[in-house]
>>> print(open('run23.cif').read())   # mmCIF, C-alpha atoms
data_structure
loop_
_atom_site.group_PDB
_atom_site.id
_atom_site.type_symbol
_atom_site.label_atom_id
_atom_site.label_comp_id
_atom_site.auth_asym_id
_atom_site.auth_seq_id
_atom_site.Cartn_x
_atom_site.Cartn_y
_atom_site.Cartn_z
ATOM 1 C CA MET A 1 0.000 0.000 0.000
ATOM 2 C CA SER A 2 2.847 2.378 0.837
ATOM 3 C CA LYS A 3 4.390 1.770 -2.622
ATOM 4 C CA ILE A 4 1.124 2.843 -4.280
ATOM 5 C CA ASN A 5 0.967 5.994 -2.129
ATOM 6 C CA ALA A 6 4.610 6.770 -2.883
ATOM 7 C CA TYR A 7 3.924 6.319 -6.604
ATOM 8 C CA LYS A 8 0.883 8.652 -6.417
ATOM 9 C CA ASN A 9 2.842 11.258 -4.454
ATOM 10 C CA ASN A 10 5.666 11.062 -6.995
ATOM 11 C CA LYS A 11 3.241 11.546 -9.906
ATOM 12 C CA LEU A 12 1.579 14.471 -8.092
ATOM 13 C CA SER A 13 4.982 16.106 -7.507
ATOM 14 C CA GLU A 14 5.834 15.705 -11.204
ATOM 15 C CA LYS A 15 2.549 17.365 -12.207
ATOM 16 C CA ILE A 16 3.050 20.276 -9.785
ATOM 17 C CA PHE A 17 6.607 20.791 -11.061
ATOM 18 C CA PHE A 18 5.413 20.684 -14.690
ATOM 19 C CA TYR A 19 2.600 23.204 -14.082
ATOM 20 C CA SER A 20 4.829 25.563 -12.079
ATOM 21 C CA GLU A 21 7.380 25.496 -14.928
ATOM 22 C CA GLU A 22 4.641 26.208 -17.484
ATOM 23 C CA VAL A 23 3.298 29.131 -15.421
ATOM 24 C CA GLU A 24 6.812 30.543 -15.046
ATOM 25 C CA LYS A 25 7.451 30.273 -18.807
ATOM 26 C CA ARG A 26 4.131 31.904 -19.584
ATOM 27 C CA LEU A 27 4.722 34.779 -17.161
ATOM 28 C CA ARG A 28 8.228 35.313 -18.571
ATOM 29 C CA SER A 29 6.835 35.417 -22.112
ATOM 30 C CA ILE A 30 4.093 37.893 -21.160
ATOM 31 C CA THR A 31 6.561 40.057 -19.221
ATOM 32 C CA THR A 32 8.937 40.091 -22.204
ATOM 33 C CA ARG A 33 6.243 41.186 -24.652
ATOM 34 C CA THR A 34 4.812 43.778 -22.272
ATOM 35 C CA CYS A 35 8.324 45.088 -21.625
ATOM 36 C CA SER A 36 8.849 45.508 -25.351
ATOM 37 C CA PHE A 37 5.506 47.267 -25.804
ATOM 38 C CA LYS A 38 6.128 49.593 -22.861
ATOM 39 C CA LYS A 39 9.567 50.517 -24.214
ATOM 40 C CA SER A 40 8.037 51.322 -27.609
ATOM 41 C CA ILE A 41 5.338 53.464 -26.000
ATOM 42 C CA ASN A 42 7.961 55.249 -23.882
ATOM 43 C CA ARG A 43 10.052 55.953 -27.010
ATOM 44 C CA LEU A 44 6.976 57.311 -28.788
ATOM 45 C CA ASN A 45 6.199 59.554 -25.794
ATOM 46 C CA GLU A 46 9.777 60.856 -25.854
ATOM 47 C CA VAL A 47 9.451 61.751 -29.549
ATOM 48 C CA LEU A 48 6.144 63.521 -28.886
ATOM 49 C CA LYS A 49 7.848 65.595 -26.174
ATOM 50 C CA TRP A 50 10.301 66.931 -28.796
ATOM 51 C CA PHE A 51 7.352 68.459 -30.639
ATOM 52 C CA LYS A 52 5.845 69.731 -27.367
ATOM 53 C CA ILE A 53 2.488 68.135 -28.058
ATOM 54 C CA ASP A 54 0.341 68.455 -24.949
ATOM 55 C CA GLU A 55 -1.989 65.528 -24.502
ATOM 56 C CA PRO A 56 -5.588 66.418 -23.633
ATOM 57 C CA SER A 57 -6.821 65.559 -20.148
ATOM 58 C CA TYR A 58 -8.925 62.462 -19.463
ATOM 59 C CA ASP A 59 -12.109 64.569 -19.207
ATOM 60 C CA GLU A 60 -11.449 66.322 -22.531
ATOM 61 C CA THR A 61 -10.731 63.021 -24.273
ATOM 62 C CA TYR A 62 -13.780 61.368 -22.672
ATOM 63 C CA GLN A 63 -16.102 64.177 -23.822
ATOM 64 C CA GLN A 64 -14.646 64.088 -27.321
ATOM 65 C CA ALA A 65 -15.011 60.294 -27.522
ATOM 66 C CA LYS A 66 -18.586 60.461 -26.184
ATOM 67 C CA LEU A 67 -19.676 62.891 -28.927
ATOM 68 C CA ASN A 68 -19.499 60.099 -31.512
ATOM 69 C CA LEU A 69 -20.096 56.616 -30.121
ATOM 70 C CA ASN A 70 -19.880 55.143 -33.622
ATOM 71 C CA TYR A 71 -16.155 55.885 -33.487
ATOM 72 C CA ILE A 72 -13.781 53.831 -31.320
ATOM 73 C CA PHE A 73 -11.253 55.899 -29.419
ATOM 74 C CA MET A 74 -8.825 53.801 -27.380
ATOM 75 C CA SER A 75 -5.815 54.595 -25.226
ATOM 76 C CA LYS A 76 -2.410 53.274 -26.372
ATOM 77 C CA GLU A 77 -2.564 50.586 -23.657
ATOM 78 C CA GLN A 78 -5.997 49.448 -24.856
ATOM 79 C CA GLU A 79 -4.705 49.149 -28.432
ATOM 80 C CA VAL A 80 -1.778 47.024 -27.251
ATOM 81 C CA MET A 81 -4.160 44.812 -25.257
ATOM 82 C CA LEU A 82 -6.473 44.401 -28.268
ATOM 83 C CA ASN A 83 -3.524 43.340 -30.456
ATOM 84 C CA GLU A 84 -2.476 40.764 -27.834
ATOM 85 C CA ILE A 85 -5.993 39.265 -27.797
ATOM 86 C CA VAL A 86 -6.199 39.233 -31.618
ATOM 87 C CA GLU A 87 -2.879 37.371 -31.805
ATOM 88 C CA GLU A 88 -4.079 34.707 -29.341
ATOM 89 C CA VAL A 89 -7.439 34.193 -31.089
ATOM 90 C CA CYS A 90 -5.824 34.012 -34.556
ATOM 91 C CA ALA A 91 -4.004 30.882 -33.378
ATOM 92 C CA LEU A 92 -7.391 29.166 -32.890
ATOM 93 C CA VAL A 93 -9.345 30.059 -36.024
ATOM 94 C CA PRO A 94 -8.594 30.321 -39.776
ATOM 95 C CA PHE A 95 -9.168 34.085 -39.984
ATOM 96 C CA HIS A 96 -6.824 36.988 -40.698
ATOM 97 C CA ASP A 97 -6.001 39.267 -37.765
ATOM 98 C CA TYR A 98 -7.994 42.187 -39.212
ATOM 99 C CA VAL A 99 -11.133 39.983 -39.254
ATOM 100 C CA ILE A 100 -10.716 39.122 -35.559
ATOM 101 C CA SER A 101 -9.966 42.771 -34.804
ATOM 102 C CA GLY A 102 -13.139 43.710 -36.713
ATOM 103 C CA PHE A 103 -15.268 41.377 -34.572
ATOM 104 C CA ILE A 104 -13.796 42.880 -31.375
ATOM 105 C CA LYS A 105 -14.380 46.430 -32.631
ATOM 106 C CA LYS A 106 -17.957 45.537 -33.568
ATOM 107 C CA GLY A 107 -18.390 44.259 -29.993
ATOM 108 C CA ILE A 108 -16.946 47.538 -28.664
ATOM 109 C CA LEU A 109 -19.347 49.598 -30.829
ATOM 110 C CA ASN A 110 -22.211 47.434 -29.603
ATOM 111 C CA TRP A 111 -21.154 48.040 -25.974
ATOM 112 C CA GLN A 112 -20.688 51.791 -26.552
ATOM 113 C CA ASN A 113 -24.162 52.171 -28.047
ATOM 114 C CA ASN A 114 -25.795 50.095 -25.305
ATOM 115 C CA THR A 115 -24.097 51.906 -22.419
ATOM 116 C CA ARG A 116 -23.814 55.353 -24.091
ATOM 117 C CA LYS A 117 -20.188 55.478 -22.938
ATOM 118 C CA PRO A 118 -16.949 55.360 -24.961
ATOM 119 C CA ILE A 119 -14.613 52.388 -24.479
ATOM 120 C CA PHE A 120 -11.990 54.928 -23.398
ATOM 121 C CA SER A 121 -13.904 55.129 -20.065
ATOM 122 C CA LEU A 122 -12.618 51.616 -19.337
ATOM 123 C CA THR A 123 -9.343 53.229 -18.197
ATOM 124 C CA ARG A 124 -11.127 54.720 -15.160
ATOM 125 C CA MET A 125 -13.322 51.744 -14.236
ATOM 126 C CA ASN A 126 -12.693 49.487 -11.263
ATOM 127 C CA PRO A 127 -11.280 45.978 -11.974
ATOM 128 C CA LEU A 128 -14.685 44.242 -11.712
ATOM 129 C CA GLU A 129 -16.334 46.673 -14.154
ATOM 130 C CA LYS A 130 -13.409 46.243 -16.549
ATOM 131 C CA LEU A 131 -13.708 42.446 -16.404
ATOM 132 C CA GLN A 132 -17.489 42.556 -16.966
ATOM 133 C CA THR A 133 -17.087 44.940 -19.910
ATOM 134 C CA MET A 134 -14.335 42.866 -21.519
ATOM 135 C CA SER A 135 -16.364 39.679 -20.947
ATOM 136 C CA ASN A 136 -19.311 41.190 -22.843
ATOM 137 C CA ILE A 137 -17.106 42.350 -25.731
ATOM 138 C CA LEU A 138 -15.176 39.078 -25.984
ATOM 139 C CA MET A 139 -18.355 36.984 -25.763
ATOM 140 C CA TYR A 140 -19.763 39.058 -28.638
ATOM 141 C CA MET A 141 -16.552 38.424 -30.597
ATOM 142 C CA SER A 142 -16.473 34.644 -29.979
ATOM 143 C CA THR A 143 -20.191 34.285 -30.870
ATOM 144 C CA HIS A 144 -19.754 36.082 -34.198
ATOM 145 C CA ILE A 145 -16.554 34.221 -35.076
ATOM 146 C CA CYS A 146 -18.404 30.930 -34.646
ATOM 147 C CA ARG A 147 -21.329 32.188 -36.728
ATOM 148 C CA ALA A 148 -18.852 32.892 -39.537
ATOM 149 C CA ILE A 149 -17.571 29.297 -39.466
ATOM 150 C CA TYR A 150 -19.752 26.739 -41.173
ATOM 151 C CA SER A 151 -20.173 23.407 -39.431
ATOM 152 C CA PRO A 152 -23.235 21.162 -39.113
ATOM 153 C CA ASN A 153 -21.915 20.069 -35.696
ATOM 154 C CA LYS A 154 -23.505 22.552 -33.259
ATOM 155 C CA GLY A 155 -21.810 20.943 -30.270
ATOM 156 C CA TRP A 156 -18.375 21.519 -31.812
ATOM 157 C CA LYS A 157 -19.229 25.161 -32.559
ATOM 158 C CA GLU A 158 -20.329 25.740 -28.956
ATOM 159 C CA GLN A 159 -17.110 24.139 -27.746
ATOM 160 C CA LEU A 160 -15.077 26.352 -30.109
ATOM 161 C CA LYS A 161 -16.941 29.451 -28.908
ATOM 162 C CA SER A 162 -16.130 28.577 -25.292
ATOM 163 C CA GLU A 163 -12.465 27.945 -26.167
ATOM 164 C CA ILE A 164 -12.132 31.261 -28.058
ATOM 165 C CA PHE A 165 -13.713 33.159 -25.165
ATOM 166 C CA ARG A 166 -11.552 31.343 -22.580
ATOM 167 C CA LYS A 167 -8.349 32.065 -24.511
ATOM 168 C CA ALA A 168 -9.262 35.729 -25.057
ATOM 169 C CA ILE A 169 -10.269 36.412 -21.441
ATOM 170 C CA GLU A 170 -7.123 34.624 -20.197
ATOM 171 C CA CYS A 171 -5.049 36.874 -22.452
ATOM 172 C CA TYR A 172 -6.833 39.935 -21.029
ATOM 173 C CA GLU A 173 -6.281 38.757 -17.435
ATOM 174 C CA ASP A 174 -2.588 38.056 -18.150
ATOM 175 C CA TYR A 175 -2.186 41.532 -19.618
ATOM 176 C CA VAL A 176 -3.866 43.144 -16.581
ATOM 177 C CA MET A 177 -1.699 41.083 -14.219
ATOM 178 C CA VAL A 178 1.518 42.180 -15.937
ATOM 179 C CA GLN A 179 0.350 45.817 -16.063
ATOM 180 C CA SER A 180 -0.319 45.617 -12.325
ATOM 181 C CA LEU A 181 3.137 44.105 -11.823
ATOM 182 C CA PHE A 182 4.731 47.052 -13.634
ATOM 183 C CA LEU A 183 2.614 49.621 -11.781
ATOM 184 C CA ASN A 184 3.539 48.158 -8.405
ATOM 185 C CA ASN A 185 7.245 47.835 -9.324
ATOM 186 C CA PRO A 186 8.455 50.993 -11.097
ATOM 187 C CA SER A 187 11.976 49.537 -11.259
ATOM 188 C CA LEU A 188 10.707 47.031 -13.870
ATOM 189 C CA GLU A 189 10.168 49.902 -16.339
ATOM 190 C CA ASP A 190 13.878 49.842 -17.142
ATOM 191 C CA LEU A 191 14.128 46.100 -17.762
ATOM 192 C CA ASP A 192 15.883 45.199 -20.969
ATOM 193 C CA SER A 193 13.663 42.771 -22.858
ATOM 194 C CA ASN A 194 16.774 41.171 -24.407
ATOM 195 C CA GLN A 195 17.621 39.476 -21.137
ATOM 196 C CA TYR A 196 14.569 37.231 -21.521
ATOM 197 C CA ASN A 197 14.047 34.455 -24.023
ATOM 198 C CA MET A 198 10.718 34.314 -25.834
ATOM 199 C CA VAL A 199 8.884 31.110 -25.047
#
>>> encode(input="run23.cif", output="structure tokens")
Amino acid sequence: MSKINAYKNNKLSEKIFFYSEEVEKRLRSITTRTCSFKKSINRLNEVLKWFKIDEPSYDETYQQAKLNLNYIFMSKEQEVMLNEIVEEVCALVPFHDYVISGFIKKGILNWQNNTRKPIFSLTRMNPLEKLQTMSNILMYMSTHICRAIYSPNKGWKEQLKSEIFRKAIECYEDYVMVQSLFLNNPSLEDLDSNQYNMV
């Protein structure tokens, strides 16, 4: 009996080690990409400073974005996040990235018109509101992607829809987690992305 327990414990230890390694690799990959994006945004901001372009305040931008809810105005961080999600979803379905991006933007327009608020307001929402909003938009996206794919097997399409949504919301949560990591550790701003290997 003890041999069986030892075998089970050994297998459990192997699984825990495997999953912890996978999580570490995934976090390193996300951190590397976010680092690269943040450096690019910082470089762009430095260039803008040369031209002395003053960015409008949040309230000015919000009011401007609210005037036309058929137009999508996003912050730079939101655009980066959208591109991350598009990249993840493209790995699951046979569509070009601009098609996936189009479905997400259609979901954003749908949300804007239902709530009478621009998506830019997401930057000032609390974490729960952000998650609920992104869930609505990504569910809209996954539903319409599956409608665009022909298959007589409805069960498979439902499974695909769930998988697309799961992958997209995971990508969003990973992005938020890394953003939070950077916000809480300003010293990470200066990390050189070359010291990490892409996984």
>>> closest_residue(input="run23.cif", among="A:Ile41, A:Val99, A:Ile119, A:Leu27", to="Met134 in chain A", atoms="all atoms listed in the file")
A:Ile119
>>> axis_aligned_box(input="run23.cif", around="range 122-131 of chain A", padding_each_side="3 Å", output="JSON")
{"center_x": -12.8, "center_y": 48.6, "center_z": -15.3, "size_x": 13.0, "size_y": 18.3, "size_z": 14.1}
>>> closest_residue(input="run23.cif", among="A:Ile30, A:Ile149, A:Val89, A:Tyr58", to="Glu173 in chain A", atoms="all atoms listed in the file")
A:Ile30
>>> resolve_selection(input="run23.cif", expression="the PyMOL selection byres ((chain A and resi 85) around 9)", output="tab-separated table (two decimals) with C-alpha atoms, in the frame of the given file")
chain	number	residue	atom	x	y	z
A	80	VAL	CA	-1.78	47.02	-27.25
A	81	MET	CA	-4.16	44.81	-25.26
A	82	LEU	CA	-6.47	44.40	-28.27
A	83	ASN	CA	-3.52	43.34	-30.46
A	84	GLU	CA	-2.48	40.76	-27.83
A	86	VAL	CA	-6.20	39.23	-31.62
A	87	GLU	CA	-2.88	37.37	-31.80
A	88	GLU	CA	-4.08	34.71	-29.34
A	89	VAL	CA	-7.44	34.19	-31.09
A	90	CYS	CA	-5.82	34.01	-34.56
A	101	SER	CA	-9.97	42.77	-34.80
A	167	LYS	CA	-8.35	32.06	-24.51
A	168	ALA	CA	-9.26	35.73	-25.06
A	169	ILE	CA	-10.27	36.41	-21.44
A	170	GLU	CA	-7.12	34.62	-20.20
A	171	CYS	CA	-5.05	36.87	-22.45
A	172	TYR	CA	-6.83	39.94	-21.03
>>> resolve_selection(input="run23.cif", expression="the PyMOL selection byres ((chain A and resi 142) around 6)", output="PyMOL selection string")
chain A and resi 139-141+143-145+161+164-165
